[in-house]
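To keep things clear, I will list the structure first and then write my remarks on it.
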Amino acid sequence: MRTSLIFLLLMVSLDQNVCSAGDFPKFQERVIDPEVGRVCYAVTLADVDGDGKQDIVAVAENRVRWYRNPTWKPRLIIEDQTPRDNVCIAPADVDGDGKIDFALGAGWTGTGTIHWLRRGASLDERWSVQAIGEERWLHRMRWADVLGRGRPQLVISPLNATVGDGIRLTAFEVPDDPSRQRWTATVLDHSLNRVHNHWHVDFDRDGAIDTLTASREGVHLIRRGRDGWSRTQLGSGARSADANQSGAGEIKTGRLPGGATFIATVEPMHGTALVVYTEPATKGALWARRVVDEGFRRGHALWTADVDGDGADEIVFGHSDTPQVHGVQVYDAVDPAGEKWQKHLIDAGGMATEDLIAADVTGDGRIDIVAGGRATHNVKLYVNSE
């Protein structure tokens, strides 16, 4: 009798595990824009019209559009008002009027111009473009209070170094009158090269916002201390005799099923492998590197979010290879240590992903995905339908 009971409980447990694996949500695809431009360089989310819903914003080489939730009707923010090519965008209320503005990076292979996009009297008008600064090879930007001022700064990272030994990872502070006063710049680090992206998080949980970088030199943590700024290497990145085929190109952090932090990267820049780093057993050692998947030709987009609602984060990954290959997929950790990951295909060939973001777009509490294409020139919403 006891043996039969144990066998029955074991079968129920196995059945539950099978059901859990099969419960990964399905996604319904919606084309938001079939042709946003030659390249959709960036996508983001923001409540542009102030109705409490997340609107989709897409950046192409010469324009920025927003799509109103839930009709997704396209509206123009700017067009032919900045040097080509626009490359990155970050939403924030810059002037404190309670309405969303945007910082925009443009002319990225030339001068590298940093702009504030300011709305007009109505959303039917084109927005005005005001200069913040310049940084050649400007590539990525995010808002974060890395200086501890109580208000976020605009942190930018150029792709290539133009002055000194490395790129200038720089924080621009919003002045009292952003339309008239200079935005003060603070260089956080000036030692890394080929920095494809950066990410902000309170990494050591001390209440201060830190910066993670993915560069030719690997994965690093940039931190503010009493004696200034420090840089600590966390991950090796890809290894190659060719320096430009070394290191990492995209970076995000997430939480494993057991609660531990992981770092997700694409390696090298525009790389072939999706990689996860987990905390080492020995304090001060490099984080353990594990290749989750490989064989891509141009890995380019990365996000982490709890897609399936299990309390742990999944990796949302996209690459901008030809549209005949799988362009958007989600990787789900199946063990607390992050040693094994299960791949779920989201888009089987209609998105050559240049950028993506994962968040609750529809307001139903589930994580959706928005992606923008390079060779496919499009913007898509993937609705989490469970």
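Chain labels A, B, ... are given in the sequence in which chains occur in the structure tokens; within each chain residues are numbered consecutively from 1, and ligands are likewise numbered from 1 in the order shown.
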Nearby residues (only C-alpha atoms) at most 8 Å from Leu117 (chain A), same-chain spacing under 2 positions excluded, as number ranges by chain | A: 101-104, 115, 119, 127-130
Store the residues of this selection in a file with N, CA, C and O atoms, as an mmCIF file, in the first residue's frame.
```cif
data_model
loop_
_atom_site.group_PDB
_atom_site.id
_atom_site.type_symbol
_atom_site.label_atom_id
_atom_site.label_comp_id
_atom_site.auth_asym_id
_atom_site.auth_seq_id
_atom_site.Cartn_x
_atom_site.Cartn_y
_atom_site.Cartn_z
ATOM 1 N N ASP A 101 8.736 63.452 -22.258
ATOM 2 C CA ASP A 101 9.605 63.939 -23.315
ATOM 3 C C ASP A 101 10.537 62.788 -23.704
ATOM 4 O O ASP A 101 10.455 61.695 -23.144
ATOM 5 N N PHE A 102 11.461 63.067 -24.615
ATOM 6 C CA PHE A 102 12.423 62.037 -25.016
ATOM 7 C C PHE A 102 13.811 62.652 -25.172
ATOM 8 O O PHE A 102 13.954 63.794 -25.636
ATOM 9 N N ALA A 103 14.821 61.878 -24.790
ATOM 10 C CA ALA A 103 16.182 62.158 -25.230
ATOM 11 C C ALA A 103 16.433 61.275 -26.444
ATOM 12 O O ALA A 103 15.957 60.139 -26.501
ATOM 13 N N LEU A 104 17.152 61.813 -27.426
ATOM 14 C CA LEU A 104 17.398 61.089 -28.672
ATOM 15 C C LEU A 104 18.860 61.227 -29.066
ATOM 16 O O LEU A 104 19.437 62.314 -28.980
ATOM 17 N N HIS A 115 19.966 65.000 -28.189
ATOM 18 C CA HIS A 115 18.854 65.950 -28.296
ATOM 19 C C HIS A 115 17.783 65.705 -27.242
ATOM 20 O O HIS A 115 17.598 64.576 -26.774
ATOM 21 N N ARG A 119 7.579 68.304 -26.761
ATOM 22 C CA ARG A 119 6.279 68.357 -27.434
ATOM 23 C C ARG A 119 5.806 69.791 -27.619
ATOM 24 O O ARG A 119 6.207 70.706 -26.877
ATOM 25 N N TRP A 127 7.295 67.672 -32.808
ATOM 26 C CA TRP A 127 7.986 68.096 -31.600
ATOM 27 C C TRP A 127 9.224 68.898 -31.977
ATOM 28 O O TRP A 127 9.800 68.724 -33.060
ATOM 29 N N SER A 128 9.637 69.780 -31.079
ATOM 30 C CA SER A 128 10.851 70.564 -31.319
ATOM 31 C C SER A 128 12.074 69.775 -30.866
ATOM 32 O O SER A 128 11.985 68.879 -30.022
ATOM 33 N N VAL A 129 13.226 70.096 -31.437
ATOM 34 C CA VAL A 129 14.484 69.412 -31.133
ATOM 35 C C VAL A 129 15.448 70.423 -30.527
ATOM 36 O O VAL A 129 15.764 71.440 -31.149
ATOM 37 N N GLN A 130 15.915 70.147 -29.313
ATOM 38 C CA GLN A 130 16.848 71.035 -28.643
ATOM 39 C C GLN A 130 18.125 70.264 -28.308
ATOM 40 O O GLN A 130 18.076 69.097 -27.921
#
```
If you count only C-alpha atoms, which residues fall within 6 Å of Asn384 (chain A), apart from same-chain ones fewer than 2 positions away, as a short mmCIF file (atom, residue, chain, number, x, y, z; two decimals) with N, CA, C and O atoms, in the first residue's frame?
```
data_model
loop_
_atom_site.label_atom_id
_atom_site.label_comp_id
_atom_site.auth_asym_id
_atom_site.auth_seq_id
_atom_site.Cartn_x
_atom_site.Cartn_y
_atom_site.Cartn_z
N PHE A 27 2.03 33.70 -27.72
CA PHE A 27 2.04 35.10 -28.09
C PHE A 27 1.31 35.31 -29.40
O PHE A 27 1.55 34.58 -30.37
N ASP A 368 4.41 41.46 -22.36
CA ASP A 368 4.38 41.41 -23.82
C ASP A 368 5.75 41.77 -24.37
O ASP A 368 6.65 42.19 -23.62
N GLU A 386 -1.21 33.89 -22.70
CA GLU A 386 -1.21 32.76 -21.78
C GLU A 386 -1.84 31.54 -22.44
O GLU A 386 -1.31 30.82 -23.15
#
```
List every residue of region 77-193 of chain A that has an atom at most 7 Å from any atom of region 34-48 of chain A, and for each one report the closest atom pair and its distance in Å to one decimal, counting only C-alpha atoms, with rows sorted by chain and then by increasing residue number, as a tab-separated table.
```
residue	atom	partner	partner_atom	distance
A:Val87	CA	A:Tyr41	CA	5.4
A:Cys88	CA	A:Ala42	CA	5.7
A:Ile89	CA	A:Ala42	CA	6.9
A:Pro91	CA	A:Ala46	CA	6.5
A:Ile100	CA	A:Val48	CA	5.8
```
Give the helix (DSSP H, G or I) residues of region 3-159 of chain A, as assigned by DSSP on the backbone, as a list of chain:residue names.
->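 Filtering region 3-159 of chain A to helix (DSSP H, G or I) leaves A:Thr3, A:Ser4, A:Leu5, A:Ile6, A:Phe7, A:Leu8, A:Leu9, A:Leu10, A:Met11, A:Val12, A:Ser13, A:Leu14, A:Asp15, A:Gln16, A:Asn17, A:Val18, A:Cys19, A:Ser20, A:Ala21, A:Gly22.
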Near region 70-80 of chain A, within 10 Å and counting only C-alpha atoms, which residues show up once chain neighbours fewer than 4 positions away are dropped, as an MDAnalysis selection string?
-> chainID A and resid 30:33 36 53:66 84:86 102 117:120 123:129 361:362 381
Shortest interatomic distance to Thr109 (chain A) - which of A:Glu134, A:Glu173, A:Asp97, A:Asp51, counting only C-alpha atoms =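 Result for the nearest residue to Thr109 (chain A): A:Glu134.
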Show which residues sit within 9 Å of Thr353 (chain A), as an NGL selection string. Count only C-alpha atoms, and ignore same-chain residues fewer than 2 positions away.
-> :A and (40 or 299-301 or 317-321 or 323 or 327-328 or 351 or 355-356 or 371-376)
Selected residues written out with N, CA, C and O atoms, as a PDB file, in the first residue's frame:
```
ATOM      1  N   CYS A  40      14.680  50.062 -38.247  1.00  0.00           N
ATOM      2  CA  CYS A  40      14.125  50.444 -36.948  1.00  0.00           C
ATOM      3  C   CYS A  40      15.238  50.280 -35.924  1.00  0.00           C
ATOM      4  O   CYS A  40      15.497  49.184 -35.437  1.00  0.00           O
ATOM      5  N   GLY A 299      23.606  38.667 -33.310  1.00  0.00           N
ATOM      6  CA  GLY A 299      22.849  38.871 -32.082  1.00  0.00           C
ATOM      7  C   GLY A 299      22.852  40.341 -31.693  1.00  0.00           C
ATOM      8  O   GLY A 299      23.910  40.969 -31.634  1.00  0.00           O
ATOM      9  N   HIS A 300      21.661  40.906 -31.436  1.00  0.00           N
ATOM     10  CA  HIS A 300      21.621  42.359 -31.313  1.00  0.00           C
ATOM     11  C   HIS A 300      20.656  42.903 -30.272  1.00  0.00           C
ATOM     12  O   HIS A 300      20.726  44.081 -29.937  1.00  0.00           O
ATOM     13  N   ALA A 301      19.730  42.113 -29.757  1.00  0.00           N
ATOM     14  CA  ALA A 301      18.719  42.661 -28.850  1.00  0.00           C
ATOM     15  C   ALA A 301      18.516  41.723 -27.673  1.00  0.00           C
ATOM     16  O   ALA A 301      18.480  40.505 -27.831  1.00  0.00           O
ATOM     17  N   PHE A 317      15.416  37.394 -26.499  1.00  0.00           N
ATOM     18  CA  PHE A 317      16.585  37.588 -27.350  1.00  0.00           C
ATOM     19  C   PHE A 317      16.160  37.741 -28.812  1.00  0.00           C
ATOM     20  O   PHE A 317      15.238  37.067 -29.280  1.00  0.00           O
ATOM     21  N   GLY A 318      16.828  38.642 -29.511  1.00  0.00           N
ATOM     22  CA  GLY A 318      16.577  38.808 -30.937  1.00  0.00           C
ATOM     23  C   GLY A 318      17.858  39.074 -31.687  1.00  0.00           C
ATOM     24  O   GLY A 318      18.812  39.634 -31.136  1.00  0.00           O
ATOM     25  N   HIS A 319      17.893  38.641 -32.953  1.00  0.00           N
ATOM     26  CA  HIS A 319      19.054  38.932 -33.778  1.00  0.00           C
ATOM     27  C   HIS A 319      18.593  39.408 -35.149  1.00  0.00           C
ATOM     28  O   HIS A 319      17.516  39.067 -35.626  1.00  0.00           O
ATOM     29  N   SER A 320      19.422  40.243 -35.759  1.00  0.00           N
ATOM     30  CA  SER A 320      19.033  40.909 -37.004  1.00  0.00           C
ATOM     31  C   SER A 320      19.681  40.257 -38.209  1.00  0.00           C
ATOM     32  O   SER A 320      20.153  40.924 -39.128  1.00  0.00           O
ATOM     33  N   ASP A 321      19.708  38.932 -38.190  1.00  0.00           N
ATOM     34  CA  ASP A 321      20.125  38.163 -39.348  1.00  0.00           C
ATOM     35  C   ASP A 321      19.037  38.287 -40.411  1.00  0.00           C
ATOM     36  O   ASP A 321      18.079  39.036 -40.261  1.00  0.00           O
ATOM     37  N   PRO A 323      15.696  37.641 -42.535  1.00  0.00           N
ATOM     38  CA  PRO A 323      14.377  37.314 -41.981  1.00  0.00           C
ATOM     39  C   PRO A 323      13.976  35.855 -42.136  1.00  0.00           C
ATOM     40  O   PRO A 323      12.949  35.442 -41.626  1.00  0.00           O
ATOM     41  N   GLY A 327      13.907  35.130 -35.485  1.00  0.00           N
ATOM     42  CA  GLY A 327      14.396  36.426 -35.049  1.00  0.00           C
ATOM     43  C   GLY A 327      14.078  36.812 -33.629  1.00  0.00           C
ATOM     44  O   GLY A 327      14.723  37.676 -33.057  1.00  0.00           O
ATOM     45  N   VAL A 328      13.049  36.212 -32.985  1.00  0.00           N
ATOM     46  CA  VAL A 328      12.696  36.522 -31.594  1.00  0.00           C
ATOM     47  C   VAL A 328      12.445  35.212 -30.864  1.00  0.00           C
ATOM     48  O   VAL A 328      11.651  34.381 -31.327  1.00  0.00           O
ATOM     49  N   MET A 351      10.888  38.865 -38.392  1.00  0.00           N
ATOM     50  CA  MET A 351      11.486  39.964 -37.651  1.00  0.00           C
ATOM     51  C   MET A 351      12.997  39.786 -37.583  1.00  0.00           C
ATOM     52  O   MET A 351      13.494  38.866 -36.934  1.00  0.00           O
ATOM     53  N   ASP A 355      16.158  45.783 -32.205  1.00  0.00           N
ATOM     54  CA  ASP A 355      15.945  46.161 -30.812  1.00  0.00           C
ATOM     55  C   ASP A 355      14.626  45.562 -30.343  1.00  0.00           C
ATOM     56  O   ASP A 355      13.720  45.310 -31.150  1.00  0.00           O
ATOM     57  N   LEU A 356      14.518  45.330 -29.028  1.00  0.00           N
ATOM     58  CA  LEU A 356      13.262  44.860 -28.459  1.00  0.00           C
ATOM     59  C   LEU A 356      13.158  45.286 -27.011  1.00  0.00           C
ATOM     60  O   LEU A 356      14.143  45.645 -26.360  1.00  0.00           O
ATOM     61  N   ALA A 371       9.189  44.517 -30.763  1.00  0.00           N
ATOM     62  CA  ALA A 371      10.464  44.398 -31.489  1.00  0.00           C
ATOM     63  C   ALA A 371      10.452  45.274 -32.731  1.00  0.00           C
ATOM     64  O   ALA A 371       9.401  45.500 -33.344  1.00  0.00           O
ATOM     65  N   GLY A 372      11.637  45.755 -33.087  1.00  0.00           N
ATOM     66  CA  GLY A 372      11.820  46.527 -34.306  1.00  0.00           C
ATOM     67  C   GLY A 372      12.862  45.878 -35.190  1.00  0.00           C
ATOM     68  O   GLY A 372      13.856  45.344 -34.693  1.00  0.00           O
ATOM     69  N   GLY A 373      12.654  45.921 -36.513  1.00  0.00           N
ATOM     70  CA  GLY A 373      13.476  45.160 -37.432  1.00  0.00           C
ATOM     71  C   GLY A 373      14.488  45.978 -38.206  1.00  0.00           C
ATOM     72  O   GLY A 373      14.274  47.155 -38.501  1.00  0.00           O
ATOM     73  N   ARG A 374      15.564  45.321 -38.555  1.00  0.00           N
ATOM     74  CA  ARG A 374      16.574  45.900 -39.433  1.00  0.00           C
ATOM     75  C   ARG A 374      16.247  45.564 -40.884  1.00  0.00           C
ATOM     76  O   ARG A 374      15.648  46.363 -41.598  1.00  0.00           O
ATOM     77  N   ALA A 375      16.572  44.358 -41.331  1.00  0.00           N
ATOM     78  CA  ALA A 375      16.287  43.973 -42.718  1.00  0.00           C
ATOM     79  C   ALA A 375      14.786  43.920 -43.014  1.00  0.00           C
ATOM     80  O   ALA A 375      14.370  44.084 -44.159  1.00  0.00           O
ATOM     81  N   THR A 376      13.973  43.721 -41.960  1.00  0.00           N
ATOM     82  CA  THR A 376      12.520  43.655 -42.163  1.00  0.00           C
ATOM     83  C   THR A 376      11.847  45.012 -42.040  1.00  0.00           C
ATOM     84  O   THR A 376      10.653  45.140 -42.371  1.00  0.00           O
TER      85      THR A 376
END
```
What are the DSSP strand (DSSP E or B) residues of region 18-261 of chain A, as an MDAnalysis selection string?
-> chainID A and resid 27:33 40:46 55:60 63:68 73:79 88:92 101:106 113:118 128:134 138:144 153:158 169:172 185:189 197:201 210:215 218:225 228:235 238 247 250:255 261
Residues of region 330-372 of chain A that have any atom at most 12 Å from an atom of region 287-291 of chain A: could you tabulate them with the shortest-distance atom pair and the distance in Å to one decimal, using only C-alpha atoms, ordered by chain and increasing number, as a tab-separated table?
```
residue	atom	partner	partner_atom	distance
A:Ala337	CA	A:Ala288	CA	10.9
A:Gly338	CA	A:Arg290	CA	8.8
A:Glu339	CA	A:Arg290	CA	7.5
A:Lys340	CA	A:Arg290	CA	9.5
A:Trp341	CA	A:Val291	CA	10.1
```
File dump, residues just selected, N, CA, C and O atoms, as an mmCIF file, in the first residue's frame:
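selection_7.cif was written with the following content:
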```
data_model
loop_
_atom_site.group_PDB
_atom_site.id
_atom_site.type_symbol
_atom_site.label_atom_id
_atom_site.label_comp_id
_atom_site.auth_asym_id
_atom_site.auth_seq_id
_atom_site.Cartn_x
_atom_site.Cartn_y
_atom_site.Cartn_z
ATOM 1 N N ALA A 337 20.026 27.052 -10.657
ATOM 2 C CA ALA A 337 21.386 27.524 -10.898
ATOM 3 C C ALA A 337 21.564 28.161 -12.270
ATOM 4 O O ALA A 337 22.626 28.713 -12.559
ATOM 5 N N GLY A 338 20.562 28.078 -13.126
ATOM 6 C CA GLY A 338 20.681 28.636 -14.468
ATOM 7 C C GLY A 338 21.613 27.851 -15.363
ATOM 8 O O GLY A 338 22.224 28.412 -16.282
ATOM 9 N N GLU A 339 21.693 26.537 -15.140
ATOM 10 C CA GLU A 339 22.571 25.695 -15.963
ATOM 11 C C GLU A 339 21.880 25.211 -17.232
ATOM 12 O O GLU A 339 22.538 24.918 -18.228
ATOM 13 N N LYS A 340 20.554 25.108 -17.192
ATOM 14 C CA LYS A 340 19.804 24.641 -18.357
ATOM 15 C C LYS A 340 18.686 25.631 -18.676
ATOM 16 O O LYS A 340 18.016 26.131 -17.777
ATOM 17 N N TRP A 341 18.507 25.868 -19.967
ATOM 18 C CA TRP A 341 17.501 26.826 -20.426
ATOM 19 C C TRP A 341 16.683 26.206 -21.553
ATOM 20 O O TRP A 341 17.233 25.529 -22.422
#
```
Interatomic distance, CA of His220 (chain A) to CA of Gly258 (chain A) (Å, one decimal) |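 Separation between CA of His220 (chain A) and CA of Gly258 (chain A): 23.9 Å.
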Which residues of region 20-83 of chain A come within 10 Å of region 302-316 of chain A, and what is each one's closest atom pair and distance in Å (one decimal), counting only C-alpha atoms, sorted by chain and residue number, as JSON lines?
```
{"residue": "A:Ser20", "atom": "CA", "partner": "A:Asp310", "partner_atom": "CA", "distance": 9.9}
{"residue": "A:Asp23", "atom": "CA", "partner": "A:Asp308", "partner_atom": "CA", "distance": 8.2}
{"residue": "A:Phe24", "atom": "CA", "partner": "A:Asp308", "partner_atom": "CA", "distance": 5.9}
{"residue": "A:Pro25", "atom": "CA", "partner": "A:Asp308", "partner_atom": "CA", "distance": 6.1}
{"residue": "A:Lys26", "atom": "CA", "partner": "A:Asp308", "partner_atom": "CA", "distance": 9.6}
```
Closest of A:His270, A:Val201, A:Gly218, A:Tyr67 to Lys380 (chain A) - atom-to-atom distances counting only C-alpha atoms |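 Answer, going by the shortest atom-to-atom distance: A:Tyr67.
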Please provide as a list in words all residues within 6 Å of Arg216 (chain A), with the sequence filter that same-chain residues fewer than 4 positions apart are discarded (counting only C-alpha atoms).
->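 Listed by chain and then number, they are Asn193, Arg194, Ser246 and Gly247 of chain A.
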Could you give me, as a list of chain:residue names, the residues within 12 Å of region 226-228 of chain A, counting only C-alpha atoms and dropping anything in the same chain fewer than 5 positions from it?
->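 Close residues of region 226-228 of chain A: A:Leu147, A:Gly148, A:Thr186, A:Val187, A:Leu188, A:Asp189, A:Ala208.
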Check the smallest atom-to-atom distance from each of A:Arg224, A:Pro336, A:Asn197, A:Phe296 to Phe262 (chain A) using only C-alpha atoms, then report the winner.
->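 Of all the options, A:Pro336 lies closest to Phe262 (chain A).
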Which residue, A:Thr272, A:Thr265, A:Gln329, A:Asn378, has the smallest gap to Leu234 (chain A) when you use only C-alpha atoms?
->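 When distances to Leu234 (chain A) are compared using only C-alpha atoms, the smallest one comes from A:Thr265.
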Compile the contact shell of Trp137 (chain A) as an MDAnalysis selection string: residues with an atom at most 6 Å away, counting only C-alpha atoms, same-chain residues fewer than 2 positions apart removed.
-> chainID A and resid 108:109 112 158:160
Dump of all heavy atoms for the selected residues, as a PDB file, in the first residue's frame:
```
ATOM      1  N   TRP A 108      24.975  59.157 -35.430  1.00  0.00           N
ATOM      2  CA  TRP A 108      25.840  58.386 -34.529  1.00  0.00           C
ATOM      3  C   TRP A 108      27.171  57.976 -35.134  1.00  0.00           C
ATOM      4  O   TRP A 108      28.144  57.786 -34.408  1.00  0.00           O
ATOM      5  CB  TRP A 108      25.076  57.182 -33.986  1.00  0.00           C
ATOM      6  CG  TRP A 108      24.896  56.027 -34.912  1.00  0.00           C
ATOM      7  CD1 TRP A 108      23.975  55.906 -35.894  1.00  0.00           C
ATOM      8  CD2 TRP A 108      25.636  54.814 -34.902  1.00  0.00           C
ATOM      9  NE1 TRP A 108      24.090  54.692 -36.511  1.00  0.00           N
ATOM     10  CE2 TRP A 108      25.104  53.997 -35.923  1.00  0.00           C
ATOM     11  CE3 TRP A 108      26.698  54.321 -34.142  1.00  0.00           C
ATOM     12  CZ2 TRP A 108      25.610  52.732 -36.202  1.00  0.00           C
ATOM     13  CZ3 TRP A 108      27.187  53.067 -34.417  1.00  0.00           C
ATOM     14  CH2 TRP A 108      26.647  52.284 -35.431  1.00  0.00           C
ATOM     15  N   THR A 109      27.263  57.849 -36.455  1.00  0.00           N
ATOM     16  CA  THR A 109      28.558  57.507 -37.053  1.00  0.00           C
ATOM     17  C   THR A 109      29.359  58.750 -37.432  1.00  0.00           C
ATOM     18  O   THR A 109      30.492  58.644 -37.887  1.00  0.00           O
ATOM     19  CB  THR A 109      28.365  56.649 -38.312  1.00  0.00           C
ATOM     20  OG1 THR A 109      27.556  57.363 -39.253  1.00  0.00           O
ATOM     21  CG2 THR A 109      27.692  55.332 -37.967  1.00  0.00           C
ATOM     22  N   GLY A 112      27.607  62.666 -33.745  1.00  0.00           N
ATOM     23  CA  GLY A 112      27.049  62.118 -32.520  1.00  0.00           C
ATOM     24  C   GLY A 112      26.371  63.198 -31.713  1.00  0.00           C
ATOM     25  O   GLY A 112      26.985  63.833 -30.842  1.00  0.00           O
ATOM     26  N   PRO A 158      29.053  55.866 -26.151  1.00  0.00           N
ATOM     27  CA  PRO A 158      29.402  55.745 -27.566  1.00  0.00           C
ATOM     28  C   PRO A 158      29.947  54.354 -27.861  1.00  0.00           C
ATOM     29  O   PRO A 158      30.359  53.635 -26.945  1.00  0.00           O
ATOM     30  CB  PRO A 158      30.466  56.818 -27.773  1.00  0.00           C
ATOM     31  CG  PRO A 158      31.050  57.042 -26.414  1.00  0.00           C
ATOM     32  CD  PRO A 158      29.989  56.724 -25.418  1.00  0.00           C
ATOM     33  N   LEU A 159      29.933  53.994 -29.123  1.00  0.00           N
ATOM     34  CA  LEU A 159      30.405  52.661 -29.513  1.00  0.00           C
ATOM     35  C   LEU A 159      31.927  52.583 -29.527  1.00  0.00           C
ATOM     36  O   LEU A 159      32.520  51.628 -29.031  1.00  0.00           O
ATOM     37  CB  LEU A 159      29.854  52.299 -30.892  1.00  0.00           C
ATOM     38  CG  LEU A 159      30.222  50.922 -31.435  1.00  0.00           C
ATOM     39  CD1 LEU A 159      29.606  49.829 -30.587  1.00  0.00           C
ATOM     40  CD2 LEU A 159      29.766  50.789 -32.893  1.00  0.00           C
ATOM     41  N   ASN A 160      32.565  53.588 -30.103  1.00  0.00           N
ATOM     42  CA  ASN A 160      34.018  53.581 -30.273  1.00  0.00           C
ATOM     43  C   ASN A 160      34.652  54.749 -29.546  1.00  0.00           C
ATOM     44  O   ASN A 160      34.056  55.819 -29.403  1.00  0.00           O
ATOM     45  CB  ASN A 160      34.383  53.671 -31.765  1.00  0.00           C
ATOM     46  CG  ASN A 160      33.911  52.469 -32.541  1.00  0.00           C
ATOM     47  OD1 ASN A 160      34.091  51.341 -32.111  1.00  0.00           O
ATOM     48  ND2 ASN A 160      33.300  52.705 -33.701  1.00  0.00           N
TER      49      ASN A 160
END
```
